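J.: This structure is in structure tokens; I'll ask about it shortly.
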Amino acid sequence: MPVSTVSSTTCAICGAPLQGTPDCLVCLLRGGLDEPDDDATLRVSSLVLGDFEVERRADGTFWELGRGAMGVTYRARDKVLRREVALKVIDMPTAPDGARTARGRFLREARAAAVLRHPNVAGVFQFGAADRCYYAMELVEGETLEARVRREGPLAPGRALEVAIQVARALVAAANHGLVHRDLKPANIMLVPNETGTAEVEVKVIDFGLAKVTAEAADEMDLTHGAFVGTPSFASPEQFAGKAADARSDIYSLGVTLWYALSGEVPYRGKTIEEIRSSREEATLPVEELVARKVPAPLLRLLRRILATDPGGRPQSARTLLGEMESCRAALSPRRWRRRATLAFGVVIASALGLTSYLLRQEGGEIVPPLAKSIAVLPFENLSKDEANAYFAAGMQDDILTSLAQIHELKVISRTSVMAYKKPRARNMRQIGQELGVATALEGSVRREGDRVVINVQLVDTRTDHELWANHYDNVLADSLGLQGQLAHEIATALKANLAP
Amino acid sequence: MAEGKGELFATLRIFLSGGADPLPTYTELAARLATPASTLRSDVTRLRARYREALRVEVRSTVERESEVEDELRELLRVLTCR
């Protein structure tokens, strides 16, 4: 893990970004508060680590949120900022040398993990390694995917895929920081009710980037634990082989997690690491179990790829995985099925008119008519609650239109002419094509949620109403104008590849 | 550092300001400075107390009442650390 690229940007004491200064502003401010600042952070009467005091349940016991081989996660209170957090306290070796080594590793990994901020990741607020190693995470009020499946049974394919897509987005963000989770599993995926109402659940991955260091800390204490990092049922074949885990290993674990969400079971079972290893080596992927549960074929094909034993057979990056999952979701969407049904009906009619062979040649790809060099960039739909964000959507359309207008020989319809088609639900692509005299139209939607912006675009052949190209963009919004221009450029570049003469 | 303790301050300021380097243990630092660890701990405690006092004086000049200093500091921290 390339921690060196991020270690100099965060404070070694509290994990806050250093913001280009050698001193940590957070530590300097904390120094002015009315809180006790002695280093004896662990007290007997209460469990206090740094700024965090573990909360107690009504019966007086410490409020545990979870307990694993590496330590215990508590519900705690940040006494300084007066907020609730999830506090993971890691078991450390008792031998001085072992403790020093484990503490050093912990600090390295925790500093790397602290820079990861994404809506689908429970962020690490602070960490410490004085008497005991601990880190404070965003407290996610919800239940784990594991608990949900235990409580309600397997998820419907669409919902399971939506959860996996959100986890894949977290993996993309992690990859940008060189982070690998190494212990992705249903128990590390939190499902929370989505306050915006735009999706049924919001997913947050917990313990990102810290599985290895917590495992190593435990290894120092218990050598019988071996070099295994992860949870056997969800671990990749290369983790079993003791090889370094990379992004493709997380992708495999996400595949097992998706399998679990769809069936309530893992594909390869066993009570011990050896039993699980044998099960995988001796059996093929039991796809028939998912077929029996009516999991759609596109999702099965995707799972086969994700769960390839050879890492080379899987999607090679989180971004590729996300793209494939988005495509799979589109294939499962009711709209796509409606379109197919419409197409099937159209084929029947066309057959009666003697046009079947023409359509089949198009569908089969034997004869592909040249792309007409004309496009209408239709007004983007603003899916945000805040109407003010309509400006953002309008700006996206304008930037793409301007960029495409620079392509010679490409006829681009003016913004004024396309404004007549502002209502997406009233659009008839064939009619638009005829009225504007274009062979293709680009339509899209923009949704802003907090600091995220999600953009979906699709290029449609107006003669057939077929989707020629589509993409999904999910970015953290830092600079709206800069991001708008950057995304418009990306979309225009992709379109040029499809439209350029 | 009118009391001639500039060098000691330079060594101990990390206990106030944090930074990219990990905090040294009192034992390590005591060995490096040839000072008893207990003395070092007292030095750090005094440094923190004086720093706290100086910072609160500065913040007091930006708010109307003494009682607002604590809230002002917490608000600044919240802005810096909330995600």
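Chain lettering (A, B, ...) mirrors the order of the structure tokens, residue numbering begins at 1 for each chain separately, and ligand numbering begins at 1 in order of display.
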Per residue of chain B within 6 Å of chain A, note the shortest atom pair and the distance in Å to one decimal, counting only C-alpha atoms, and order the rows by chain and increasing residue number, as JSON lines.

T.:
```
{"residue": "B:Leu16", "atom": "CA", "partner": "A:Leu28", "partner_atom": "CA", "distance": 5.9}
{"residue": "B:Ser17", "atom": "CA", "partner": "A:Leu28", "partner_atom": "CA", "distance": 5.1}
{"residue": "B:Gly18", "atom": "CA", "partner": "A:Cys24", "partner_atom": "CA", "distance": 5.3}
{"residue": "B:Gly19", "atom": "CA", "partner": "A:Cys11", "partner_atom": "CA", "distance": 4.7}
{"residue": "B:Ala20", "atom": "CA", "partner": "A:Cys11", "partner_atom": "CA", "distance": 4.9}
{"residue": "B:Asp21", "atom": "CA", "partner": "A:Ala12", "partner_atom": "CA", "distance": 5.7}
{"residue": "B:Pro22", "atom": "CA", "partner": "A:Ala12", "partner_atom": "CA", "distance": 5.0}
{"residue": "B:Arg52", "atom": "CA", "partner": "A:Gly32", "partner_atom": "CA", "distance": 4.3}
{"residue": "B:Leu55", "atom": "CA", "partner": "A:Gly32", "partner_atom": "CA", "distance": 5.9}
```

J.: Next, the residues of the selection above should be written as a PDB file, in the first residue's frame with all heavy atoms.

T.:
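Printed below is out.pdb as written:
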```pdb
ATOM      1  N   LEU B  16       1.958  20.201  21.124  1.00  0.00           N
ATOM      2  CA  LEU B  16       0.865  21.157  20.916  1.00  0.00           C
ATOM      3  C   LEU B  16       0.355  21.115  19.486  1.00  0.00           C
ATOM      4  O   LEU B  16      -0.846  21.154  19.237  1.00  0.00           O
ATOM      5  CB  LEU B  16       1.344  22.590  21.197  1.00  0.00           C
ATOM      6  CG  LEU B  16       1.824  22.947  22.578  1.00  0.00           C
ATOM      7  CD1 LEU B  16       2.323  24.385  22.582  1.00  0.00           C
ATOM      8  CD2 LEU B  16       0.689  22.777  23.575  1.00  0.00           C
ATOM      9  N   SER B  17       1.318  21.088  18.575  1.00  0.00           N
ATOM     10  CA  SER B  17       0.952  21.359  17.182  1.00  0.00           C
ATOM     11  C   SER B  17       0.750  20.118  16.329  1.00  0.00           C
ATOM     12  O   SER B  17       0.278  20.233  15.197  1.00  0.00           O
ATOM     13  CB  SER B  17       2.034  22.222  16.537  1.00  0.00           C
ATOM     14  OG  SER B  17       3.254  21.506  16.498  1.00  0.00           O
ATOM     15  N   GLY B  18       1.067  18.942  16.830  1.00  0.00           N
ATOM     16  CA  GLY B  18       0.939  17.751  15.997  1.00  0.00           C
ATOM     17  C   GLY B  18       1.851  17.862  14.780  1.00  0.00           C
ATOM     18  O   GLY B  18       2.938  18.447  14.853  1.00  0.00           O
ATOM     19  N   GLY B  19       1.412  17.317  13.672  1.00  0.00           N
ATOM     20  CA  GLY B  19       2.225  17.378  12.461  1.00  0.00           C
ATOM     21  C   GLY B  19       2.399  16.009  11.858  1.00  0.00           C
ATOM     22  O   GLY B  19       1.789  15.030  12.308  1.00  0.00           O
ATOM     23  N   ALA B  20       3.218  15.931  10.830  1.00  0.00           N
ATOM     24  CA  ALA B  20       3.358  14.674  10.084  1.00  0.00           C
ATOM     25  C   ALA B  20       4.160  13.623  10.850  1.00  0.00           C
ATOM     26  O   ALA B  20       4.032  12.437  10.594  1.00  0.00           O
ATOM     27  CB  ALA B  20       4.014  14.951   8.738  1.00  0.00           C
ATOM     28  N   ASP B  21       4.998  14.071  11.781  1.00  0.00           N
ATOM     29  CA  ASP B  21       5.839  13.106  12.506  1.00  0.00           C
ATOM     30  C   ASP B  21       5.103  12.553  13.721  1.00  0.00           C
ATOM     31  O   ASP B  21       4.431  13.301  14.440  1.00  0.00           O
ATOM     32  CB  ASP B  21       7.134  13.768  12.967  1.00  0.00           C
ATOM     33  CG  ASP B  21       7.969  14.228  11.774  1.00  0.00           C
ATOM     34  OD1 ASP B  21       7.943  13.520  10.751  1.00  0.00           O
ATOM     35  OD2 ASP B  21       8.604  15.285  11.859  1.00  0.00           O
ATOM     36  N   PRO B  22       5.258  11.258  13.978  1.00  0.00           N
ATOM     37  CA  PRO B  22       4.590  10.673  15.143  1.00  0.00           C
ATOM     38  C   PRO B  22       5.110  11.294  16.443  1.00  0.00           C
ATOM     39  O   PRO B  22       6.257  11.721  16.511  1.00  0.00           O
ATOM     40  CB  PRO B  22       4.961   9.191  15.073  1.00  0.00           C
ATOM     41  CG  PRO B  22       5.489   8.981  13.708  1.00  0.00           C
ATOM     42  CD  PRO B  22       6.019  10.279  13.215  1.00  0.00           C
ATOM     43  N   ARG B  52      -2.694  26.982  26.238  1.00  0.00           N
ATOM     44  CA  ARG B  52      -4.157  27.061  26.321  1.00  0.00           C
ATOM     45  C   ARG B  52      -4.578  28.454  26.757  1.00  0.00           C
ATOM     46  O   ARG B  52      -5.492  29.062  26.179  1.00  0.00           O
ATOM     47  CB  ARG B  52      -4.653  26.008  27.310  1.00  0.00           C
ATOM     48  CG  ARG B  52      -6.136  26.025  27.559  1.00  0.00           C
ATOM     49  CD  ARG B  52      -6.545  24.938  28.539  1.00  0.00           C
ATOM     50  NE  ARG B  52      -7.914  25.157  28.975  1.00  0.00           N
ATOM     51  CZ  ARG B  52      -8.256  26.042  29.896  1.00  0.00           C
ATOM     52  NH1 ARG B  52      -7.327  26.771  30.488  1.00  0.00           N
ATOM     53  NH2 ARG B  52      -9.519  26.192  30.229  1.00  0.00           N
ATOM     54  N   LEU B  55      -3.944  30.973  23.909  1.00  0.00           N
ATOM     55  CA  LEU B  55      -4.902  30.825  22.805  1.00  0.00           C
ATOM     56  C   LEU B  55      -6.262  31.394  23.179  1.00  0.00           C
ATOM     57  O   LEU B  55      -6.916  32.093  22.404  1.00  0.00           O
ATOM     58  CB  LEU B  55      -5.032  29.347  22.413  1.00  0.00           C
ATOM     59  CG  LEU B  55      -6.037  29.035  21.303  1.00  0.00           C
ATOM     60  CD1 LEU B  55      -5.672  29.758  20.008  1.00  0.00           C
ATOM     61  CD2 LEU B  55      -6.108  27.524  21.033  1.00  0.00           C
TER      62      LEU B  55
END
```

J.: Would you pick out the contacts of Val454 (chain A) at 10 Å or less, using only C-alpha atoms, so that residues sharing its chain but fewer than 2 positions from it are not included, and give the list as a CSV table (one decimal) with N, CA and C atoms, in the first residue's frame?

T.:
```
chain,number,residue,atom,x,y,z
A,383,LEU,N,-32.6,16.1,-11.5
A,383,LEU,CA,-33.2,15.2,-10.5
A,383,LEU,C,-33.0,15.6,-9.1
A,384,SER,N,-32.3,16.7,-8.9
A,384,SER,CA,-32.1,17.2,-7.5
A,384,SER,C,-33.3,17.8,-6.9
A,445,SER,N,-29.3,13.2,-17.3
A,445,SER,CA,-29.9,13.7,-16.0
A,445,SER,C,-28.7,14.0,-15.1
A,446,VAL,N,-29.0,15.0,-14.2
A,446,VAL,CA,-28.0,15.4,-13.2
A,446,VAL,C,-28.7,15.4,-11.9
A,447,ARG,N,-28.0,14.7,-10.9
A,447,ARG,CA,-28.5,14.7,-9.5
A,447,ARG,C,-27.4,15.1,-8.6
A,448,ARG,N,-27.7,16.1,-7.8
A,448,ARG,CA,-26.7,16.5,-6.8
A,448,ARG,C,-27.2,16.1,-5.4
A,449,GLU,N,-26.4,15.4,-4.7
A,449,GLU,CA,-26.8,15.0,-3.3
A,449,GLU,C,-25.6,15.4,-2.4
A,452,ARG,N,-22.0,15.3,-3.7
A,452,ARG,CA,-21.8,14.4,-4.8
A,452,ARG,C,-22.7,14.9,-6.0
A,456,ASN,N,-26.0,10.9,-15.6
A,456,ASN,CA,-26.2,9.8,-16.5
A,456,ASN,C,-26.5,10.4,-17.9
A,472,HIS,N,-22.2,6.7,-17.0
A,472,HIS,CA,-22.6,7.1,-15.6
A,472,HIS,C,-21.4,7.8,-15.0
A,473,TYR,N,-21.6,9.0,-14.5
A,473,TYR,CA,-20.5,9.7,-13.8
A,473,TYR,C,-20.9,9.9,-12.3
A,474,ASP,N,-20.1,9.6,-11.4
A,474,ASP,CA,-20.4,9.8,-10.0
A,474,ASP,C,-19.1,10.5,-9.4
A,475,ASN,N,-19.3,11.8,-9.1
A,475,ASN,CA,-18.1,12.5,-8.6
A,475,ASN,C,-18.4,13.2,-7.3
A,476,VAL,N,-17.3,13.4,-6.6
A,476,VAL,CA,-17.5,14.3,-5.4
A,476,VAL,C,-17.3,15.7,-5.9
A,477,LEU,N,-18.3,16.5,-5.5
A,477,LEU,CA,-18.3,17.9,-6.0
A,477,LEU,C,-17.5,18.8,-5.1
```

J.: Considering only C-alpha atoms, can you say which of B:Ala30, B:Val44, B:Ala37, B:Leu73 comes closest to Val59 (chain B)?

T.: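 Checking each candidate against Val59 (chain B), we get B:Leu73 as the closest.
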
J.: So how far away is CA of Ser253 (chain A) from CA of Ala156 (chain A), in Å?

T.: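 Computing it gives 19.5 Å between the two atoms.
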
J.: Taking only C-alpha atoms into account, name the residue in A:Asn188, A:Ser278, A:Thr320, A:Thr272 that is nearest to Thr257 (chain A).

T.: A:Asn188

J.: Go through region 78-324 of chain A and collect every residue that DSSP, computed from the backbone, puts in strand (DSSP E or B); the answer should be as a short mmCIF file (atom, residue, chain, number, x, y, z; two decimals) with all heavy atoms, in the first residue's frame.

T.:
```cif
data_model
loop_
_atom_site.label_atom_id
_atom_site.label_comp_id
_atom_site.auth_asym_id
_atom_site.auth_seq_id
_atom_site.Cartn_x
_atom_site.Cartn_y
_atom_site.Cartn_z
N ASP A 78 -17.47 11.63 21.24
CA ASP A 78 -16.36 12.55 21.09
C ASP A 78 -16.63 13.69 22.07
O ASP A 78 -17.55 14.49 21.87
CB ASP A 78 -16.29 13.07 19.65
CG ASP A 78 -15.11 13.98 19.41
OD1 ASP A 78 -14.63 14.59 20.38
OD2 ASP A 78 -14.68 14.11 18.25
N ARG A 83 -20.11 14.59 19.63
CA ARG A 83 -20.83 13.81 18.63
C ARG A 83 -20.56 12.33 18.89
O ARG A 83 -19.56 11.97 19.52
CB ARG A 83 -20.39 14.18 17.22
CG ARG A 83 -18.94 13.87 16.95
CD ARG A 83 -18.51 14.27 15.55
NE ARG A 83 -17.06 14.16 15.41
CZ ARG A 83 -16.39 14.58 14.36
NH1 ARG A 83 -17.02 15.11 13.35
NH2 ARG A 83 -15.09 14.47 14.29
N GLU A 84 -21.47 11.52 18.37
CA GLU A 84 -21.33 10.08 18.55
C GLU A 84 -20.42 9.52 17.45
O GLU A 84 -20.47 9.97 16.31
CB GLU A 84 -22.70 9.40 18.44
CG GLU A 84 -23.77 10.01 19.31
CD GLU A 84 -23.42 9.97 20.77
OE1 GLU A 84 -23.10 8.87 21.27
OE2 GLU A 84 -23.45 11.03 21.42
N VAL A 85 -19.62 8.54 17.83
CA VAL A 85 -18.73 7.90 16.85
C VAL A 85 -18.73 6.40 17.09
O VAL A 85 -19.19 5.92 18.12
CB VAL A 85 -17.27 8.41 16.97
CG1 VAL A 85 -17.19 9.91 16.74
CG2 VAL A 85 -16.66 8.03 18.32
N ALA A 86 -18.21 5.67 16.12
CA ALA A 86 -17.91 4.24 16.31
C ALA A 86 -16.41 4.16 16.60
O ALA A 86 -15.61 4.64 15.80
CB ALA A 86 -18.25 3.45 15.06
N LEU A 87 -16.07 3.60 17.73
CA LEU A 87 -14.67 3.58 18.16
C LEU A 87 -14.16 2.15 18.13
O LEU A 87 -14.65 1.29 18.86
CB LEU A 87 -14.56 4.14 19.58
CG LEU A 87 -13.15 4.35 20.12
CD1 LEU A 87 -12.49 5.53 19.41
CD2 LEU A 87 -13.17 4.59 21.61
N LYS A 88 -13.20 1.90 17.27
CA LYS A 88 -12.65 0.55 17.17
C LYS A 88 -11.36 0.49 17.99
O LYS A 88 -10.42 1.25 17.72
CB LYS A 88 -12.37 0.18 15.73
CG LYS A 88 -11.93 -1.27 15.57
CD LYS A 88 -12.37 -1.82 14.25
CE LYS A 88 -12.21 -3.32 14.20
NZ LYS A 88 -12.90 -3.90 13.06
N VAL A 89 -11.33 -0.36 18.98
CA VAL A 89 -10.16 -0.51 19.84
C VAL A 89 -9.49 -1.83 19.48
O VAL A 89 -10.13 -2.88 19.52
CB VAL A 89 -10.56 -0.50 21.33
CG1 VAL A 89 -9.32 -0.60 22.21
CG2 VAL A 89 -11.36 0.75 21.66
N ILE A 90 -8.24 -1.72 19.11
CA ILE A 90 -7.56 -2.90 18.55
C ILE A 90 -6.70 -3.57 19.60
O ILE A 90 -5.95 -2.91 20.33
CB ILE A 90 -6.72 -2.46 17.34
CG1 ILE A 90 -7.66 -1.93 16.26
CG2 ILE A 90 -5.88 -3.60 16.80
CD1 ILE A 90 -7.01 -1.04 15.28
N VAL A 121 -18.37 5.49 2.12
CA VAL A 121 -17.36 4.99 3.06
C VAL A 121 -17.57 5.69 4.40
O VAL A 121 -17.75 6.90 4.45
CB VAL A 121 -15.92 5.31 2.56
CG1 VAL A 121 -14.89 4.86 3.60
CG2 VAL A 121 -15.65 4.61 1.23
N VAL A 124 -12.89 7.80 8.61
CA VAL A 124 -12.12 7.75 9.86
C VAL A 124 -11.91 9.19 10.32
O VAL A 124 -11.32 10.00 9.62
CB VAL A 124 -10.76 7.05 9.64
CG1 VAL A 124 -9.89 7.17 10.88
CG2 VAL A 124 -10.99 5.59 9.28
N PHE A 125 -12.42 9.53 11.51
CA PHE A 125 -12.29 10.89 12.02
C PHE A 125 -10.92 11.11 12.66
O PHE A 125 -10.28 12.12 12.48
CB PHE A 125 -13.35 11.16 13.09
CG PHE A 125 -14.74 11.27 12.56
CD1 PHE A 125 -15.81 10.73 13.24
CD2 PHE A 125 -15.00 11.94 11.37
CE1 PHE A 125 -17.10 10.85 12.77
CE2 PHE A 125 -16.28 12.06 10.88
CZ PHE A 125 -17.33 11.51 11.59
N GLN A 126 -10.53 10.16 13.46
CA GLN A 126 -9.35 10.37 14.29
C GLN A 126 -8.80 9.01 14.70
O GLN A 126 -9.53 8.02 14.74
CB GLN A 126 -9.75 11.16 15.54
CG GLN A 126 -8.59 11.88 16.21
CD GLN A 126 -9.04 12.60 17.48
OE1 GLN A 126 -10.21 12.90 17.63
NE2 GLN A 126 -8.12 12.87 18.36
N PHE A 127 -7.52 8.97 15.00
CA PHE A 127 -6.96 7.72 15.52
C PHE A 127 -5.90 8.04 16.55
O PHE A 127 -5.42 9.17 16.65
CB PHE A 127 -6.38 6.87 14.39
CG PHE A 127 -5.38 7.60 13.53
CD1 PHE A 127 -4.05 7.68 13.90
CD2 PHE A 127 -5.78 8.21 12.36
CE1 PHE A 127 -3.14 8.34 13.11
CE2 PHE A 127 -4.87 8.89 11.57
CZ PHE A 127 -3.54 8.95 11.94
N GLY A 128 -5.55 7.04 17.32
CA GLY A 128 -4.54 7.26 18.34
C GLY A 128 -3.81 5.96 18.63
O GLY A 128 -4.32 4.87 18.35
N ALA A 129 -2.63 6.08 19.15
CA ALA A 129 -1.83 4.88 19.44
C ALA A 129 -1.00 5.13 20.69
O ALA A 129 0.19 4.87 20.71
CB ALA A 129 -0.95 4.53 18.25
N CYS A 133 -4.24 1.17 20.63
CA CYS A 133 -4.50 1.66 19.29
C CYS A 133 -6.02 1.71 19.07
O CYS A 133 -6.73 0.75 19.40
CB CYS A 133 -3.89 0.75 18.23
SG CYS A 133 -2.10 0.88 18.14
N TYR A 134 -6.48 2.80 18.54
CA TYR A 134 -7.91 2.93 18.29
C TYR A 134 -8.13 3.88 17.13
O TYR A 134 -7.25 4.67 16.78
CB TYR A 134 -8.65 3.45 19.53
CG TYR A 134 -8.22 4.84 19.92
CD1 TYR A 134 -8.85 5.96 19.38
CD2 TYR A 134 -7.18 5.05 20.81
CE1 TYR A 134 -8.46 7.25 19.72
CE2 TYR A 134 -6.77 6.32 21.16
CZ TYR A 134 -7.42 7.42 20.62
OH TYR A 134 -7.00 8.68 20.95
N TYR A 135 -9.27 3.76 16.50
CA TYR A 135 -9.66 4.79 15.56
C TYR A 135 -11.15 5.04 15.65
O TYR A 135 -11.94 4.14 15.96
CB TYR A 135 -9.24 4.48 14.11
CG TYR A 135 -9.71 3.19 13.52
CD1 TYR A 135 -10.91 3.13 12.83
CD2 TYR A 135 -8.94 2.04 13.61
CE1 TYR A 135 -11.34 1.95 12.25
CE2 TYR A 135 -9.36 0.86 13.04
CZ TYR A 135 -10.56 0.81 12.37
OH TYR A 135 -10.99 -0.35 11.81
N ALA A 136 -11.51 6.32 15.45
CA ALA A 136 -12.90 6.72 15.53
C ALA A 136 -13.44 6.90 14.13
O ALA A 136 -12.84 7.59 13.31
CB ALA A 136 -13.03 8.02 16.31
N MET A 137 -14.55 6.25 13.88
CA MET A 137 -15.18 6.32 12.57
C MET A 137 -16.53 7.00 12.70
O MET A 137 -17.12 7.04 13.78
CB MET A 137 -15.46 4.92 12.01
CG MET A 137 -14.30 4.17 11.47
SD MET A 137 -14.87 2.59 10.81
CE MET A 137 -15.45 1.74 12.27
N GLU A 138 -16.99 7.46 11.56
CA GLU A 138 -18.36 7.96 11.46
C GLU A 138 -19.31 6.86 11.98
O GLU A 138 -19.19 5.70 11.60
CB GLU A 138 -18.60 8.23 9.97
CG GLU A 138 -19.98 8.61 9.59
CD GLU A 138 -20.09 8.71 8.06
OE1 GLU A 138 -19.07 8.58 7.36
OE2 GLU A 138 -21.20 8.91 7.58
N GLU A 143 -28.09 -1.06 9.78
CA GLU A 143 -27.74 -2.44 10.08
C GLU A 143 -26.81 -2.95 8.98
O GLU A 143 -26.78 -2.40 7.87
CB GLU A 143 -28.98 -3.32 10.18
CG GLU A 143 -29.78 -3.45 8.89
CD GLU A 143 -31.00 -4.33 9.07
OE1 GLU A 143 -31.03 -5.15 9.99
OE2 GLU A 143 -31.94 -4.19 8.26
N THR A 144 -26.07 -3.98 9.31
CA THR A 144 -25.16 -4.51 8.31
C THR A 144 -25.94 -5.30 7.26
O THR A 144 -27.07 -5.75 7.51
CB THR A 144 -24.11 -5.44 8.94
OG1 THR A 144 -24.78 -6.59 9.45
CG2 THR A 144 -23.35 -4.73 10.05
N ILE A 189 -20.51 -3.95 5.60
CA ILE A 189 -21.31 -3.08 4.73
C ILE A 189 -22.56 -2.66 5.49
O ILE A 189 -23.38 -3.50 5.87
CB ILE A 189 -21.68 -3.82 3.43
CG1 ILE A 189 -20.40 -4.10 2.63
CG2 ILE A 189 -22.67 -3.01 2.60
CD1 ILE A 189 -20.60 -5.02 1.46
N MET A 190 -22.67 -1.37 5.74
CA MET A 190 -23.81 -0.86 6.50
C MET A 190 -24.88 -0.35 5.54
O MET A 190 -24.58 0.31 4.55
CB MET A 190 -23.38 0.29 7.41
CG MET A 190 -22.39 -0.07 8.49
SD MET A 190 -23.06 -1.21 9.72
CE MET A 190 -24.38 -0.22 10.43
N LEU A 191 -26.13 -0.68 5.87
CA LEU A 191 -27.26 -0.18 5.09
C LEU A 191 -28.01 0.83 5.95
O LEU A 191 -28.38 0.53 7.09
CB LEU A 191 -28.22 -1.32 4.73
CG LEU A 191 -27.60 -2.54 4.03
CD1 LEU A 191 -28.68 -3.57 3.73
CD2 LEU A 191 -26.90 -2.13 2.75
N VAL A 192 -28.20 2.01 5.41
CA VAL A 192 -28.90 3.04 6.17
C VAL A 192 -30.05 3.57 5.33
O VAL A 192 -29.95 3.65 4.10
CB VAL A 192 -27.97 4.20 6.56
CG1 VAL A 192 -27.05 3.80 7.67
CG2 VAL A 192 -27.18 4.71 5.38
N PRO A 193 -31.14 3.94 5.98
CA PRO A 193 -32.25 4.54 5.22
C PRO A 193 -31.76 5.82 4.56
O PRO A 193 -31.04 6.61 5.19
CB PRO A 193 -33.30 4.84 6.30
CG PRO A 193 -32.89 4.04 7.48
CD PRO A 193 -31.42 3.86 7.42
N VAL A 201 -31.81 2.36 -0.25
CA VAL A 201 -30.83 2.28 0.84
C VAL A 201 -29.60 3.07 0.44
O VAL A 201 -29.30 3.26 -0.74
CB VAL A 201 -30.40 0.83 1.12
CG1 VAL A 201 -31.50 0.03 1.74
CG2 VAL A 201 -29.87 0.16 -0.14
N GLU A 202 -28.91 3.49 1.48
CA GLU A 202 -27.60 4.10 1.26
C GLU A 202 -26.59 3.16 1.90
O GLU A 202 -26.82 2.63 2.99
CB GLU A 202 -27.55 5.47 1.92
CG GLU A 202 -26.30 6.23 1.60
CD GLU A 202 -26.28 7.59 2.28
OE1 GLU A 202 -27.28 7.93 2.94
OE2 GLU A 202 -25.29 8.29 2.16
N VAL A 203 -25.50 2.94 1.21
CA VAL A 203 -24.53 1.96 1.66
C VAL A 203 -23.26 2.66 2.15
O VAL A 203 -22.81 3.62 1.52
CB VAL A 203 -24.17 1.00 0.50
CG1 VAL A 203 -23.02 0.09 0.88
CG2 VAL A 203 -25.39 0.18 0.11
N LYS A 204 -22.74 2.19 3.25
CA LYS A 204 -21.45 2.70 3.72
C LYS A 204 -20.56 1.53 4.09
O LYS A 204 -20.95 0.66 4.88
CB LYS A 204 -21.64 3.61 4.93
CG LYS A 204 -22.19 4.98 4.54
CD LYS A 204 -22.06 5.98 5.65
CE LYS A 204 -22.70 7.30 5.27
NZ LYS A 204 -21.79 8.18 4.53
N VAL A 205 -19.37 1.53 3.53
CA VAL A 205 -18.39 0.48 3.83
C VAL A 205 -17.59 0.93 5.04
O VAL A 205 -17.15 2.08 5.12
CB VAL A 205 -17.45 0.25 2.63
CG1 VAL A 205 -16.45 -0.85 2.95
CG2 VAL A 205 -18.26 -0.11 1.39
#
```

J.: If you count only C-alpha atoms, which residues fall within 7 Å of Val69 (chain B), apart from same-chain ones fewer than 6 positions away, as a ChimeraX atom specification?

T.: /B:56,59-60,63

J.: With N, CA and C atoms retained, export the selected residues as a PDB file, in the first residue's frame.

T.:
```
ATOM      1  N   ARG B  56      -6.689  31.117  24.400  1.00  0.00           N
ATOM      2  CA  ARG B  56      -8.009  31.594  24.837  1.00  0.00           C
ATOM      3  C   ARG B  56      -8.042  33.117  24.957  1.00  0.00           C
ATOM      4  N   VAL B  59      -8.578  34.256  21.386  1.00  0.00           N
ATOM      5  CA  VAL B  59      -9.948  34.016  20.935  1.00  0.00           C
ATOM      6  C   VAL B  59     -10.919  34.957  21.665  1.00  0.00           C
ATOM      7  N   ARG B  60     -10.607  35.236  22.940  1.00  0.00           N
ATOM      8  CA  ARG B  60     -11.477  36.135  23.723  1.00  0.00           C
ATOM      9  C   ARG B  60     -11.608  37.500  23.053  1.00  0.00           C
ATOM     10  N   VAL B  63     -14.551  37.555  20.472  1.00  0.00           N
ATOM     11  CA  VAL B  63     -15.950  37.307  20.860  1.00  0.00           C
ATOM     12  C   VAL B  63     -16.370  38.297  21.938  1.00  0.00           C
TER      13      VAL B  63
END
```

J.: Just list the residues in chain B DSSP gives alpha helix (DSSP H) on the backbone, as a PyMOL selection string.

T.: chain B and resi 6-12+14-17+26-33+37-60+68-81
